[in-house]
Structures are given as structure tokens and as C-alpha cells.
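This report refers to the structure that appears directly beneath it.
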Amino acid sequence: REQASHNIRRIQLIHSALRGLFRYLFSLGLLDRDWASALLSPRRYSLARTPRAVPAGKVLELLRSIDRGRRGGKRNLAIILMAASLGVRASEIAALCLEHLDWIQAVVSFPAIKSKNDLPLPLSRPLIEALADYLKTERPAHSHYRNVFLSLNPPFSPLSPAAVSCLINSRMRRAGIRGSGHGLRHAFACELLKSGIAFSTLQQLLGHSNFASTQVYTKIDLVQLREVANNDAEDM
């Protein structure tokens with residue numbers, strides 16, 4: 001199914017290029033008609049693609065591969081642990097500021113990026129320890145920036161969403177793990193669904209304003225769904 005989805009995207013790219021070529025040739029009078037209108041592009045469905053989740057074991061390997069003793073290691077660990085344990089987007093991590101951390105209540109409130117409201121999520125003890133270690137010993141103490149995660153070199157500016165994504169992807173490649181940083185978000189959703197969480201709750205935790213964005217996760221664990229269906233059938 002993943003291969004089929006990839007093939008459809010390739011066909012659509014070829015289709016777009018051919019339409020442009022045919023229209024150009026027609027405008028020059030080299031074609032007797034505009035053949036671009038005769039080309040039909042394959043349709044893509046919003047729920048056709050299955051999210052690629054990083055297996056839980058690989059997530060642990062990724063975290064263990066980070067050397068906190070090296071320059072940037074504490075920052076990288078905090079970022080990746082946050083992405084893996086909270087399922088937040090790179091844009092949300094980049095936008096996180098110091099005032100969004102409530103150490104007393106052990107809650108972090110991510111500013112609204114793709115939703116209308118802030119996203120409050122609980123801070124686990126490992127994440128609290130990773131953040132505290134980074135903030136106390138590695139983050140520039142006198143920076144005037146309020147963003148939590150900063151670059152390693154002067155002027156120590158805030159990391160952009162693209163920089164956060166690049167950082168996670170780079171660490172995954174070094175650890176020999178296939179996929180992208182967004183796979184950590186999918187892994188977070190997978191583990192929650194396996195624990196029996198309701199889709200409405202998953203929608204809130206992922207910060208989806210549209211339930212259709214959450215529906216794609218109905219496809220992530222067909223084995224589990226079959227087991228549920230078989231159990232229900234036995235009870236009838």
C-alpha cells in the first residue's frame with residue numbers, strides 16, 4: 001500500500017509535467033489540439049496512506065544513542081524525548097518558550113500552531129530531568145531569547161521548525177533508524193491506541209483541530225483491530 005501511494009505521487013508529478021509540456025507545444029502551434037485536457041491524473045484519497053511509526057524498540061535505541069557528554073547532547077536528548085513522549089510537532093517544539101513550562105504542576109503548554117487553543121501536556125519525570133539538565137548546564141544562561149531550544153553557536157538564536165526536524169532526522173540516521181522525525185509522532189499515537197485510549201482523547205493529545213486528521217490512525221494496527229473483531233464475534 002505504501003508502494004502504491006508512492007507510485008500515485010510519481011504518476012501525478014509526471015502528469016503535471018506532461019500537461020505543462022502539451023500546453024506549451026499547443027501554444028506554439030506544434031500540436032493540433034490541447035492534449036493536456038485529455039490527460040487524467042489518478043485520484044489520491046486522504047486516508048489512503050498508512051502512517052509510518054517508528055517501533056518502540058527503535059525509539060529507545062535512538063534515545064540511548066545520544067551522548068549527553070558531547071556538545072549539544074543534552075539539548076538533543078531533551079528535544080527527541082519531547083517529540084517521542086509527547087508526540088508534538090517540530091513547529092511546536094521550536095515555538096516552546098520558558099514561560100510555557102510549569103515545573104510545579106509538571107505541565108507544558110505548547111502554543112497553538114495548527115489548533116485554536118494551547119496544548120497542555122504532562123511532563124514525565126525523565127523529560128523533566130532532561131529539560132532541567134539542558135537548561136541548567138547547556139543552554140546559554142544570559143540569552144535574551146525566551147525560546148527553550150537555541151542553536152549551539154552565536155548568536156544562539158532559537159531553533160526553527162526546520163532545524164528541529166533536521167536535528168531529529170540526523171540523529172535517526174546516525175542511529176541507523178529509517179524514517180523521519182514525524183514517525184516519532186506516529187509512534188506516540190500507536191502506543192496510545194494500543195493502550196485503549198479513545199480517538200477523541202487522541203485527537204486532543206495530538207492537537208488535531210479536524211477529526212479527519214486523527215482518523216488515519218485507524219489503519220496503524222490491523223492486527224489489533226482483527227483481535228478486537230474476533231473477540232467481539234466470540235462474545236456474540
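Lettering and numbering for the C-alpha cells are positional, with chains as A, B, ... in the shown order, residues counted from 1 in each chain, and ligands counted from 1 in the shown order.
Near region 85-97 of chain A, within 7 Å and counting only C-alpha atoms, sit Leu81, Met82, His100, Phe110, Pro111, Ile113, Arg146, Asn147, Val148, Phe149, Leu159, Ser160, Pro161, Val164, Ser165, Leu184, Arg185, Phe188 and Leu206 of chain A, not including residues fewer than 3 positions from it in the same chain.
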For all heavy atoms, I'd like the residues from the last selection saved as a compact mmCIF listing (two decimals), in the first residue's frame.
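out.txt, written as the output of this step:
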# COMPACT_ATOMS: atom_id res chain seq x y z
N LEU A 81 13.35 13.36 23.20
CA LEU A 81 12.50 12.77 24.23
C LEU A 81 11.14 13.46 24.26
O LEU A 81 10.11 12.81 24.44
CB LEU A 81 13.17 12.87 25.59
CG LEU A 81 12.43 12.21 26.76
CD1 LEU A 81 12.17 10.74 26.48
CD2 LEU A 81 13.23 12.38 28.05
N MET A 82 11.13 14.76 24.05
CA MET A 82 9.87 15.51 24.00
C MET A 82 9.04 15.07 22.80
O MET A 82 7.82 14.87 22.91
CB MET A 82 10.17 17.01 23.93
CG MET A 82 8.93 17.90 23.90
SD MET A 82 9.35 19.66 24.04
CE MET A 82 9.85 19.74 25.77
N HIS A 100 6.25 28.62 29.13
CA HIS A 100 5.29 27.55 28.85
C HIS A 100 5.51 26.33 29.73
O HIS A 100 4.70 25.41 29.71
CB HIS A 100 5.39 27.14 27.37
CG HIS A 100 5.03 28.24 26.42
ND1 HIS A 100 5.67 28.39 25.20
CD2 HIS A 100 4.13 29.23 26.51
CE1 HIS A 100 5.16 29.44 24.58
NE2 HIS A 100 4.23 29.97 25.35
N PHE A 110 2.00 23.90 25.06
CA PHE A 110 2.53 24.28 23.76
C PHE A 110 1.62 25.32 23.11
O PHE A 110 0.39 25.17 23.12
CB PHE A 110 2.63 23.06 22.85
CG PHE A 110 3.69 22.08 23.27
CD1 PHE A 110 3.38 21.03 24.12
CD2 PHE A 110 5.00 22.24 22.84
CE1 PHE A 110 4.35 20.14 24.53
CE2 PHE A 110 5.99 21.35 23.25
CZ PHE A 110 5.66 20.30 24.10
N PRO A 111 2.19 26.39 22.56
CA PRO A 111 1.37 27.42 21.92
C PRO A 111 0.65 26.86 20.70
O PRO A 111 1.12 25.93 20.05
CB PRO A 111 2.40 28.49 21.52
CG PRO A 111 3.71 27.76 21.46
CD PRO A 111 3.63 26.68 22.50
N ILE A 113 -0.43 26.10 17.24
CA ILE A 113 0.21 26.17 15.92
C ILE A 113 -0.81 25.81 14.84
O ILE A 113 -1.12 26.60 13.97
CB ILE A 113 1.42 25.22 15.84
CG1 ILE A 113 2.46 25.59 16.89
CG2 ILE A 113 2.03 25.26 14.44
CD1 ILE A 113 3.11 26.93 16.68
N ARG A 146 13.53 33.86 24.65
CA ARG A 146 12.70 33.10 25.58
C ARG A 146 12.45 31.68 25.11
O ARG A 146 11.97 30.85 25.88
CB ARG A 146 11.34 33.81 25.77
CG ARG A 146 11.45 35.20 26.34
CD ARG A 146 12.06 35.20 27.72
NE ARG A 146 11.23 34.47 28.69
CZ ARG A 146 11.62 34.16 29.91
NH1 ARG A 146 12.84 34.45 30.32
NH2 ARG A 146 10.80 33.51 30.73
N ASN A 147 12.78 31.39 23.86
CA ASN A 147 12.60 30.03 23.35
C ASN A 147 13.46 29.07 24.15
O ASN A 147 14.60 29.38 24.52
CB ASN A 147 12.98 29.96 21.88
CG ASN A 147 12.10 30.82 21.01
OD1 ASN A 147 12.20 32.05 21.06
ND2 ASN A 147 11.23 30.20 20.23
N VAL A 148 12.93 27.87 24.40
CA VAL A 148 13.66 26.89 25.19
C VAL A 148 14.89 26.39 24.45
O VAL A 148 15.99 26.33 25.01
CB VAL A 148 12.73 25.70 25.56
CG1 VAL A 148 13.54 24.59 26.24
CG2 VAL A 148 11.60 26.17 26.47
N PHE A 149 14.72 26.05 23.18
CA PHE A 149 15.81 25.41 22.44
C PHE A 149 16.49 26.40 21.50
O PHE A 149 15.86 26.97 20.61
CB PHE A 149 15.27 24.21 21.67
CG PHE A 149 14.70 23.15 22.58
CD1 PHE A 149 13.33 22.93 22.63
CD2 PHE A 149 15.53 22.41 23.40
CE1 PHE A 149 12.80 21.97 23.48
CE2 PHE A 149 15.01 21.44 24.25
CZ PHE A 149 13.63 21.22 24.29
N LEU A 159 15.92 27.74 17.61
CA LEU A 159 15.85 26.77 16.52
C LEU A 159 14.55 26.95 15.76
O LEU A 159 13.50 27.13 16.36
CB LEU A 159 15.93 25.34 17.07
CG LEU A 159 17.25 24.90 17.71
CD1 LEU A 159 17.14 23.44 18.16
CD2 LEU A 159 18.41 25.07 16.75
N SER A 160 14.63 26.89 14.45
CA SER A 160 13.44 26.95 13.62
C SER A 160 12.80 25.57 13.54
O SER A 160 13.45 24.56 13.87
CB SER A 160 13.80 27.41 12.21
OG SER A 160 14.62 26.43 11.57
N PRO A 161 11.54 25.48 13.12
CA PRO A 161 10.92 24.16 12.94
C PRO A 161 11.73 23.27 12.01
O PRO A 161 11.88 22.07 12.27
CB PRO A 161 9.54 24.50 12.36
CG PRO A 161 9.23 25.86 12.89
CD PRO A 161 10.55 26.57 12.92
N VAL A 164 14.71 21.88 13.90
CA VAL A 164 14.32 20.81 14.82
C VAL A 164 14.12 19.51 14.05
O VAL A 164 14.59 18.44 14.46
CB VAL A 164 13.03 21.18 15.60
CG1 VAL A 164 12.53 20.00 16.42
CG2 VAL A 164 13.30 22.38 16.50
N SER A 165 13.41 19.59 12.92
CA SER A 165 13.20 18.40 12.09
C SER A 165 14.51 17.82 11.60
O SER A 165 14.72 16.60 11.63
CB SER A 165 12.30 18.75 10.90
OG SER A 165 11.00 19.06 11.30
N LEU A 184 8.09 9.63 15.01
CA LEU A 184 8.00 9.59 16.46
C LEU A 184 6.60 9.99 16.92
O LEU A 184 6.07 9.46 17.89
CB LEU A 184 9.04 10.53 17.09
CG LEU A 184 10.51 10.21 16.80
CD1 LEU A 184 11.41 11.26 17.44
CD2 LEU A 184 10.86 8.82 17.31
N ARG A 185 6.02 10.92 16.21
CA ARG A 185 4.64 11.35 16.50
C ARG A 185 3.67 10.20 16.23
O ARG A 185 2.76 9.94 17.01
CB ARG A 185 4.30 12.56 15.64
CG ARG A 185 2.88 13.12 15.82
CD ARG A 185 2.80 14.44 15.06
NE ARG A 185 1.45 14.94 14.91
CZ ARG A 185 0.81 15.67 15.83
NH1 ARG A 185 1.40 15.95 16.96
NH2 ARG A 185 -0.42 16.12 15.61
N PHE A 188 4.00 7.62 18.98
CA PHE A 188 3.27 8.08 20.17
C PHE A 188 1.79 7.74 20.04
O PHE A 188 1.18 7.20 20.97
CB PHE A 188 3.46 9.60 20.30
CG PHE A 188 2.60 10.26 21.34
CD1 PHE A 188 2.92 10.15 22.69
CD2 PHE A 188 1.49 11.00 20.98
CE1 PHE A 188 2.15 10.79 23.66
CE2 PHE A 188 0.70 11.62 21.93
CZ PHE A 188 1.03 11.52 23.28
N LEU A 206 -2.97 15.02 20.26
CA LEU A 206 -2.19 15.32 19.05
C LEU A 206 -2.40 16.75 18.56
O LEU A 206 -1.72 17.20 17.64
CB LEU A 206 -2.55 14.33 17.93
CG LEU A 206 -2.12 12.88 18.15
CD1 LEU A 206 -2.62 12.00 17.00
CD2 LEU A 206 -0.62 12.76 18.29
If we count only C-alpha atoms and set the cut-off at 12 Å, which residues sit around Asp67 (chain A), ignoring sequence neighbours fewer than 4 positions away in its own chain? Please answer as a PyMOL selection string.
chain A and resi 62-63+71-78+171+174-175
Please save N, CA, C and O atoms of the selected residues as a CSV table (one decimal), in the first residue's frame.
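part.csv was written with the following content:
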chain,number,residue,atom,x,y,z
A,62,LEU,N,17.2,5.0,19.8
A,62,LEU,CA,17.5,6.4,19.4
A,62,LEU,C,17.9,7.2,20.6
A,62,LEU,O,18.9,8.0,20.6
A,63,LEU,N,17.1,7.1,21.7
A,63,LEU,CA,17.4,7.9,22.9
A,63,LEU,C,18.7,7.5,23.5
A,63,LEU,O,19.5,8.3,24.0
A,71,ARG,N,28.9,18.0,23.0
A,71,ARG,CA,28.3,19.4,22.8
A,71,ARG,C,27.0,19.2,22.1
A,71,ARG,O,26.9,18.6,21.0
A,72,GLY,N,25.9,19.8,22.7
A,72,GLY,CA,24.6,19.7,22.1
A,72,GLY,C,23.8,18.4,22.5
A,72,GLY,O,22.6,18.3,22.2
A,73,GLY,N,24.5,17.5,23.2
A,73,GLY,CA,23.8,16.2,23.5
A,73,GLY,C,22.6,16.4,24.4
A,73,GLY,O,21.6,15.7,24.2
A,74,LYS,N,22.8,17.2,25.4
A,74,LYS,CA,21.7,17.4,26.4
A,74,LYS,C,20.5,18.1,25.7
A,74,LYS,O,19.3,17.7,26.0
A,75,ARG,N,20.7,19.0,24.9
A,75,ARG,CA,19.6,19.7,24.1
A,75,ARG,C,19.0,18.7,23.2
A,75,ARG,O,17.7,18.6,23.1
A,76,ASN,N,19.8,17.9,22.5
A,76,ASN,CA,19.2,16.9,21.5
A,76,ASN,C,18.4,15.9,22.2
A,76,ASN,O,17.3,15.5,21.7
A,77,LEU,N,18.9,15.4,23.4
A,77,LEU,CA,18.1,14.4,24.1
A,77,LEU,C,16.8,15.0,24.6
A,77,LEU,O,15.7,14.3,24.4
A,78,ALA,N,16.7,16.2,25.1
A,78,ALA,CA,15.5,16.8,25.5
A,78,ALA,C,14.5,17.0,24.4
A,78,ALA,O,13.3,16.7,24.5
A,171,ARG,N,19.8,12.6,13.8
A,171,ARG,CA,20.1,11.6,14.9
A,171,ARG,C,19.5,10.3,14.5
A,171,ARG,O,20.1,9.2,14.9
A,174,ARG,N,21.9,8.6,12.1
A,174,ARG,CA,23.2,8.2,12.8
A,174,ARG,C,22.9,6.9,13.6
A,174,ARG,O,23.8,6.1,13.8
A,175,ALA,N,21.7,6.7,14.1
A,175,ALA,CA,21.3,5.6,14.9
A,175,ALA,C,20.9,4.4,14.0
A,175,ALA,O,20.6,3.3,14.5
Closest to Ser109 (chain A) among A:Tyr134, A:Asn169, A:Gly57, A:Leu205, using only C-alpha atoms?
A:Leu205
Within 8 Å of Gly179 (chain A), counting only C-alpha atoms, which residues show up once you throw out same-chain ones fewer than 6 positions away? Write them as a ChimeraX atom specification, please.
/A:52,54,169,172
Hey, which of A:Gln204, A:Ser143, A:Ser65, A:Asn153 ends up closest to Gly176 (chain A)? Count only C-alpha atoms.
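The answer is A:Ser65, which sits nearest to Gly176 (chain A).
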For the atom pair CA of Phe156 (chain A) and CA of Arg139 (chain A), what is the interatomic distance in Å to one decimal place?
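According to the coordinates, CA of Phe156 (chain A) and CA of Arg139 (chain A) are separated by 8.9 Å.
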Which one of A:Gly69, A:Ala38, A:His144, A:Ala56 sits closest to Glu191 (chain A) if you count only C-alpha atoms?
A:Ala56
